[in-house]
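Below is final21.cif, holding mmCIF, C-alpha atoms and all ligand atoms.
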```
data_work
#
loop_
_atom_site.label_atom_id
_atom_site.label_comp_id
_atom_site.auth_asym_id
_atom_site.auth_seq_id
_atom_site.Cartn_x
_atom_site.Cartn_y
_atom_site.Cartn_z
CA MET N 17 82.11 77.72 96.77
CA LYS N 18 85.19 79.85 96.11
CA ASN N 19 88.72 78.66 96.68
CA LEU N 20 91.40 81.28 96.92
CA ILE N 21 95.16 81.42 97.32
CA LEU N 22 96.79 84.41 99.00
CA LEU N 23 100.27 84.70 97.56
CA GLY N 24 102.97 87.06 98.73
CA PRO N 25 106.23 87.34 100.67
CA PRO N 26 106.38 87.03 104.46
CA GLY N 27 104.77 90.09 106.02
CA ALA N 28 102.62 90.94 102.99
CA GLY N 29 99.46 90.55 105.09
CA LYS N 30 98.25 87.12 103.95
CA GLY N 31 97.48 85.92 107.48
CA THR N 32 95.65 89.10 108.47
CA GLN N 33 93.52 89.07 105.35
CA ALA N 34 92.79 85.34 105.54
CA ARG N 35 91.73 85.65 109.15
CA THR N 36 89.37 88.55 108.47
CA LEU N 37 87.83 86.90 105.40
CA CYS N 38 87.19 83.78 107.46
CA GLU N 39 85.61 85.70 110.34
CA LYS N 40 83.42 87.82 108.08
CA TYR N 41 82.35 85.38 105.43
CA GLY N 42 82.95 81.89 106.77
CA PHE N 43 85.86 80.83 104.58
CA VAL N 44 88.12 78.18 106.05
CA GLN N 45 91.75 79.29 106.37
CA LEU N 46 94.34 76.68 105.55
CA SER N 47 97.70 78.02 106.69
CA THR N 48 100.52 75.48 106.52
CA GLY N 49 102.64 77.81 108.70
CA ASP N 50 99.97 77.72 111.45
CA MET N 51 99.65 73.94 111.13
CA LEU N 52 103.41 73.50 111.48
CA ARG N 53 103.60 75.89 114.44
CA GLU N 54 100.79 73.91 116.07
CA ALA N 55 102.75 70.67 115.56
CA LYS N 56 105.79 72.32 117.11
CA LYS N 57 103.80 73.54 120.10
CA ASP N 58 102.29 70.07 120.63
CA GLU N 59 105.76 68.55 120.30
CA THR N 60 104.64 65.92 117.81
CA ASP N 61 107.19 63.98 115.74
CA LEU N 62 106.43 66.30 112.86
CA GLY N 63 106.86 69.35 115.09
CA ARG N 64 110.29 68.16 116.21
CA LYS N 65 111.29 67.40 112.65
CA VAL N 66 110.44 70.86 111.30
CA ALA N 67 111.41 73.08 114.25
CA GLY N 68 115.00 73.73 113.14
CA ILE N 69 114.08 74.30 109.50
CA MET N 70 111.39 76.81 110.44
CA ALA N 71 113.59 78.68 112.89
CA LYS N 72 116.17 79.17 110.13
CA GLY N 73 113.53 80.38 107.67
CA GLU N 74 113.96 77.55 105.17
CA LEU N 75 111.13 75.66 103.53
CA VAL N 76 110.05 72.29 104.87
CA THR N 77 109.68 69.51 102.28
CA ASP N 78 106.87 69.51 99.74
CA GLU N 79 105.84 66.07 100.95
CA ILE N 80 105.15 67.31 104.49
CA VAL N 81 103.04 70.33 103.57
CA ILE N 82 101.16 68.56 100.78
CA GLY N 83 100.28 65.82 103.31
CA LEU N 84 98.93 68.44 105.75
CA ILE N 85 96.78 70.08 103.09
CA GLU N 86 95.52 66.77 101.77
CA LYS N 87 94.34 65.79 105.24
CA LYS N 88 92.45 69.07 105.68
CA LEU N 89 90.90 69.08 102.24
CA THR N 90 89.59 65.57 102.61
CA ASN N 91 88.33 66.04 106.20
CA ASP N 92 87.22 69.66 106.64
CA GLU N 93 83.89 70.40 105.05
CA ASN N 94 82.66 73.87 104.35
CA GLU N 95 80.30 75.54 101.94
CA ILE N 96 81.98 78.88 101.43
CA GLY N 97 85.48 77.97 100.36
CA PHE N 98 89.09 77.54 101.41
CA ILE N 99 91.69 80.27 101.69
CA PHE N 100 95.19 78.93 101.20
CA ASP N 101 97.64 81.07 103.16
CA GLY N 102 101.33 80.26 102.77
CA PHE N 103 100.57 77.29 100.51
CA PRO N 104 101.52 76.52 97.79
CA ARG N 105 105.09 77.80 98.00
CA THR N 106 106.72 75.75 95.22
CA LEU N 107 105.70 74.62 91.74
CA ALA N 108 105.41 71.03 92.98
CA GLN N 109 103.01 72.17 95.71
CA ALA N 110 100.95 74.11 93.16
CA ASP N 111 100.65 71.02 90.94
CA ALA N 112 99.70 68.90 93.95
CA LEU N 113 97.04 71.40 95.02
CA GLY N 114 95.49 71.36 91.55
CA ASN N 115 95.32 67.56 91.66
CA LEU N 116 93.92 67.47 95.19
CA LEU N 117 91.17 69.94 94.36
CA ASP N 118 90.34 67.92 91.23
CA SER N 119 90.12 64.74 93.26
CA ILE N 120 87.45 66.25 95.54
CA GLY N 121 85.55 67.78 92.64
CA GLN N 122 86.62 71.35 93.34
CA SER N 123 88.67 73.97 91.59
CA LEU N 124 90.78 76.98 92.34
CA ASP N 125 89.02 80.25 91.60
CA HIS N 126 91.54 83.01 92.26
CA VAL N 127 95.10 83.64 93.25
CA VAL N 128 95.55 87.03 94.85
CA GLU N 129 99.12 88.29 94.89
CA LEU N 130 99.77 90.86 97.63
CA TYR N 131 102.86 92.85 96.71
CA VAL N 132 104.86 94.94 99.17
CA ASP N 133 108.43 96.37 99.06
CA ASP N 134 111.07 94.37 100.91
CA GLU N 135 111.90 97.33 103.14
CA LYS N 136 108.31 97.53 104.37
CA LEU N 137 108.22 93.79 104.94
CA VAL N 138 111.13 94.02 107.34
CA GLN N 139 109.41 96.81 109.32
CA ARG N 140 106.19 94.85 109.48
CA ILE N 141 107.73 91.59 110.55
CA ILE N 142 110.20 92.81 113.12
CA GLY N 143 107.87 93.73 115.98
CA ARG N 144 104.77 91.74 115.16
CA PHE N 145 103.18 89.43 117.72
CA THR N 146 99.92 87.60 118.32
CA CYS N 147 97.61 86.90 121.22
CA SER N 148 98.22 83.26 122.10
CA SER N 149 94.61 82.84 123.22
CA CYS N 150 92.64 84.18 120.27
CA GLY N 151 95.28 84.73 117.58
CA GLU N 152 94.70 88.49 117.15
CA LEU N 153 97.67 90.09 115.38
CA TYR N 154 99.54 93.08 116.82
CA HIS N 155 102.63 95.16 116.07
CA LYS N 156 104.82 96.96 118.61
CA ILE N 157 104.72 100.22 116.66
CA THR N 158 101.81 100.16 114.26
CA LYS N 159 99.23 98.25 116.27
CA PRO N 160 99.97 97.80 119.97
CA PRO N 161 97.10 96.60 122.20
CA GLU N 162 95.03 99.55 123.49
CA ASN N 163 95.97 98.62 127.06
CA ALA N 164 99.50 97.32 127.34
CA GLY N 165 99.62 93.59 127.99
CA ILE N 166 95.87 93.01 127.45
CA CYS N 167 94.41 91.61 124.24
CA ASP N 168 91.87 94.03 122.70
CA VAL N 169 89.77 91.16 121.42
CA CYS N 170 89.63 88.46 124.10
CA GLY N 171 90.96 90.34 127.13
CA SER N 172 93.59 87.76 128.05
CA LYS N 173 96.57 89.13 129.94
CA ASP N 174 100.26 88.83 129.11
CA LYS N 175 99.72 85.99 126.69
CA PHE N 176 101.50 87.23 123.61
CA ASN N 177 103.63 85.26 121.19
CA PHE N 178 106.54 86.52 119.13
CA ARG N 179 107.41 84.16 116.27
CA GLN N 180 110.84 82.62 116.60
CA ASP N 181 111.50 83.17 112.87
CA ASP N 182 110.54 86.88 112.92
CA ASN N 183 114.15 88.06 113.22
CA GLU N 184 116.42 89.65 110.61
CA ASP N 185 118.52 86.54 109.93
CA SER N 186 115.55 84.22 109.33
CA LEU N 187 113.74 86.89 107.41
CA LYS N 188 116.58 87.16 104.90
CA ILE N 189 116.36 83.43 104.25
CA ARG N 190 112.55 83.52 104.10
CA LEU N 191 112.68 86.32 101.52
CA LEU N 192 115.24 84.43 99.51
CA ALA N 193 113.03 81.32 99.60
CA TYR N 194 110.09 83.45 98.46
CA TYR N 195 111.88 84.92 95.45
CA ARG N 196 113.61 81.67 94.52
CA ASP N 197 110.91 79.04 95.11
CA THR N 198 107.55 80.80 95.41
CA SER N 199 107.62 83.74 93.01
CA PRO N 200 107.60 81.39 89.96
CA LEU N 201 104.00 80.69 90.98
CA ILE N 202 103.13 84.19 89.80
CA GLY N 203 103.86 83.10 86.24
CA TYR N 204 102.27 79.70 86.79
CA TYR N 205 98.91 81.17 87.83
CA HIS N 206 99.13 84.04 85.36
CA VAL N 207 99.20 81.52 82.53
CA LEU N 208 96.18 79.77 84.05
CA ASN N 209 94.44 83.18 84.09
CA LYS N 210 93.87 82.98 87.85
CA LEU N 211 96.26 85.68 89.04
CA ARG N 212 95.08 89.04 90.40
CA LYS N 213 97.49 91.56 91.90
CA ILE N 214 96.80 93.85 94.84
CA ASN N 215 98.97 96.46 96.47
CA GLY N 216 99.55 95.13 99.99
CA LEU N 217 100.37 98.55 101.43
CA GLY N 218 96.90 100.00 102.13
CA SER N 219 94.87 99.68 105.31
CA VAL N 220 93.53 96.25 106.25
CA ASP N 221 90.02 97.36 105.20
CA GLU N 222 91.13 98.75 101.84
CA ILE N 223 92.94 95.57 100.97
CA GLN N 224 90.00 93.53 102.19
CA ASN N 225 87.67 95.45 99.87
CA ASN N 226 89.99 94.92 96.95
CA ILE N 227 90.03 91.19 97.62
CA ARG N 228 86.24 91.13 97.98
CA ASN N 229 85.89 92.82 94.60
CA ILE N 230 87.95 90.08 93.03
CA ILE N 231 86.13 87.16 94.59
CA LYS N 232 82.58 88.51 94.30
P1 LIG E 1 104.48 81.11 107.39
O1 LIG E 1 103.74 81.20 108.67
O2 LIG E 1 103.59 80.86 106.21
O3 LIG E 1 105.40 82.28 107.17
O4 LIG E 1 105.42 79.81 107.49
C1 LIG E 1 106.41 79.70 108.51
C2 LIG E 1 107.43 78.64 108.11
O5 LIG E 1 106.80 77.36 107.96
C3 LIG E 1 108.12 78.87 106.76
O6 LIG E 1 109.22 79.76 106.87
C4 LIG E 1 108.54 77.44 106.41
O7 LIG E 1 109.64 77.02 107.18
C5 LIG E 1 107.33 76.64 106.87
N1 LIG E 1 106.28 76.54 105.83
C6 LIG E 1 105.02 77.03 105.90
N2 LIG E 1 104.32 76.75 104.78
C7 LIG E 1 105.17 76.09 103.97
C8 LIG E 1 105.06 75.57 102.66
N3 LIG E 1 103.91 75.66 101.95
N4 LIG E 1 106.14 74.94 102.12
C9 LIG E 1 107.30 74.82 102.81
N5 LIG E 1 107.48 75.33 104.05
C10 LIG E 1 106.43 75.95 104.64
#
```

Hey, can you dump this file as structure tokens for me?
Amino acid sequence: MKNLILLGPPGAGKGTQARTLCEKYGFVQLSTGDMLREAKKDETDLGRKVAGIMAKGELVTDEIVIGLIEKKLTNDENEIGFIFDGFPRTLAQADALGNLLDSIGQSLDHVVELYVDDEKLVQRIIGRFTCSSCGELYHKITKPPENAGICDVCGSKDKFNFRQDDNEDSLKIRLLAYYRDTSPLIGYYHVLNKLRKINGLGSVDEIQNNIRNIIK
């Protein structure tokens, strides 16, 4: 069992890498962003509570995301390991994750930091979209579907989602939140000797191989 955090600013490729690692090797992806978007889509009380915060690009409270992760860790069983994508994002969340893993007799093996220039992040984020049926990720310029309007993977038609917070105003706030609240985790995990750094600018396969080499 290997438990892994993918750390990096919005647009660094955490979601893409987590998804591929899960498909190929059976890891379970725990993305707090996906869980919150799901709650919003289902119009639950939680979804309504976080919608405005997410649209602005601010962080939701530690209590909310720690609660979501706790529920998953105590209910979802798997033998390969968890990939934490977009969690933890604050020091309090990192402490809570350590305690939660302890309480279920598990530990954190690696923290992979994907680093990418801010300028590239903007290009990547503005224009990205996903298939709302299967979740495949696309980009208007760098990875459009082979046939316009049709998902390459599941074939569904005209069912694409653009994230509400993938606009320049929200992105500025999301980047600020990353540097202010999340980047201290780099030091936190460095001291625990868990941190590995990877250039997030290569191809998806290159980055995937680099991550594989770390977790092997
Ligand atoms: P993401 O998909 O990881 O970029 O997350 C989208 C949005 O969900 C963020 O901009 C935050 O508003 C919220 N969010 C996701 N994960 C967390 C977290 N661990 N802590 C606080 N807010 C989060």

Using only C-alpha atoms and all ligand atoms, find each residue in chain N having at least one atom no more than 6 Å away from ligand LIG 1 (chain E); report its shortest atom-to-atom pair and that distance in Å (one decimal), rows by chain then rising number, as CSV.
```
residue,atom,partner,partner_atom,distance
N:Pro26,CA,E:LIG1,O3,5.6
N:Thr48,CA,E:LIG1,N2,4.4
N:Gly49,CA,E:LIG1,O1,3.6
N:Asp50,CA,E:LIG1,O1,5.8
N:Ile69,CA,E:LIG1,O7,5.7
N:Met70,CA,E:LIG1,O7,3.7
N:Gly73,CA,E:LIG1,O6,4.4
N:Glu74,CA,E:LIG1,O7,4.8
N:Leu75,CA,E:LIG1,N5,3.7
N:Val76,CA,E:LIG1,N5,4.1
N:Thr77,CA,E:LIG1,C9,5.8
N:Asp78,CA,E:LIG1,N4,6.0
N:Val81,CA,E:LIG1,N3,5.6
N:Gly102,CA,E:LIG1,O2,4.2
N:Phe103,CA,E:LIG1,N3,4.0
N:Pro104,CA,E:LIG1,N3,4.9
N:Arg105,CA,E:LIG1,N3,4.6
N:Arg190,CA,E:LIG1,O6,5.7
```

* Asked: When you draw a straight line from atom CA of Val132 of chain N to atom CA of Val220 of chain N, how long is it in Å?
  -> 13.4 Å

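Across the structure, atom CA of Gln109 of chain N and atom CA of Leu46 of chain N are spaced 13.9 Å apart.
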
* Structure fact -> From the list N:Ser148, N:Asn115, N:Ser123, N:Asn226, the nearest residue to Asn19 of chain N using all atoms listed in the file is N:Ser123

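With all atoms listed in the file as the atoms that count, the residue of N:Leu137, N:Glu86, N:Glu93, N:Glu222 with the shortest distance to Leu116 of chain N is N:Glu86.
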
* Asked: Hey, which of N:Glu39, N:Cys170, N:Lys65, N:Gly27 ends up closest to Arg144 of chain N? Count all atoms listed in the file.
  -> N:Gly27

* Asked: Which is closer to Arg140 of chain N than all the others in N:Gly83, N:Asp182, N:Gly24, N:Ala112, using only C-alpha atoms?
  -> N:Asp182

* Contacts of Ala164 of chain N within 12 Å, all atoms listed in the file, excl. fewer than 6 positions in-chain, as a PyMOL selection string -> chain N and resi 154-156+171-176

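The residue that comes closest to Glu184 of chain N, out of N:Asp197, N:Glu135, N:Asp221, N:Asp61 and on the basis of only C-alpha atoms, is N:Glu135.
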
* To do: Do a neighbour search on His206 of chain N at 12 Å with only C-alpha atoms, toss out local chain neighbours closer than 4 positions, and write the hits as a list of chain:residue names.
  => N:His126, N:Val127, N:Val128, N:Glu129, N:Ser199, N:Pro200, N:Leu201, N:Ile202, N:Lys210, N:Leu211, N:Arg212, N:Lys213

Let me see the file: selected residues, C-alpha atoms, as a CSV table (one decimal), in the frame of the given file.
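Saved the output as selection-v5.csv:
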```
chain,number,residue,atom,x,y,z
N,126,HIS,CA,91.5,83.0,92.3
N,127,VAL,CA,95.1,83.6,93.2
N,128,VAL,CA,95.6,87.0,94.8
N,129,GLU,CA,99.1,88.3,94.9
N,199,SER,CA,107.6,83.7,93.0
N,200,PRO,CA,107.6,81.4,90.0
N,201,LEU,CA,104.0,80.7,91.0
N,202,ILE,CA,103.1,84.2,89.8
N,210,LYS,CA,93.9,83.0,87.8
N,211,LEU,CA,96.3,85.7,89.0
N,212,ARG,CA,95.1,89.0,90.4
N,213,LYS,CA,97.5,91.6,91.9
```

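For the pair atom CA of Ile85 of chain N and atom CA of Leu187 of chain N, the interatomic distance is 24.3 Å.
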
* Asked: Pick from N:Ile99, N:Ala71, N:Ile227, N:Ile214: nearest to Arg53 of chain N, with all atoms listed in the file counted?
  -> N:Ala71
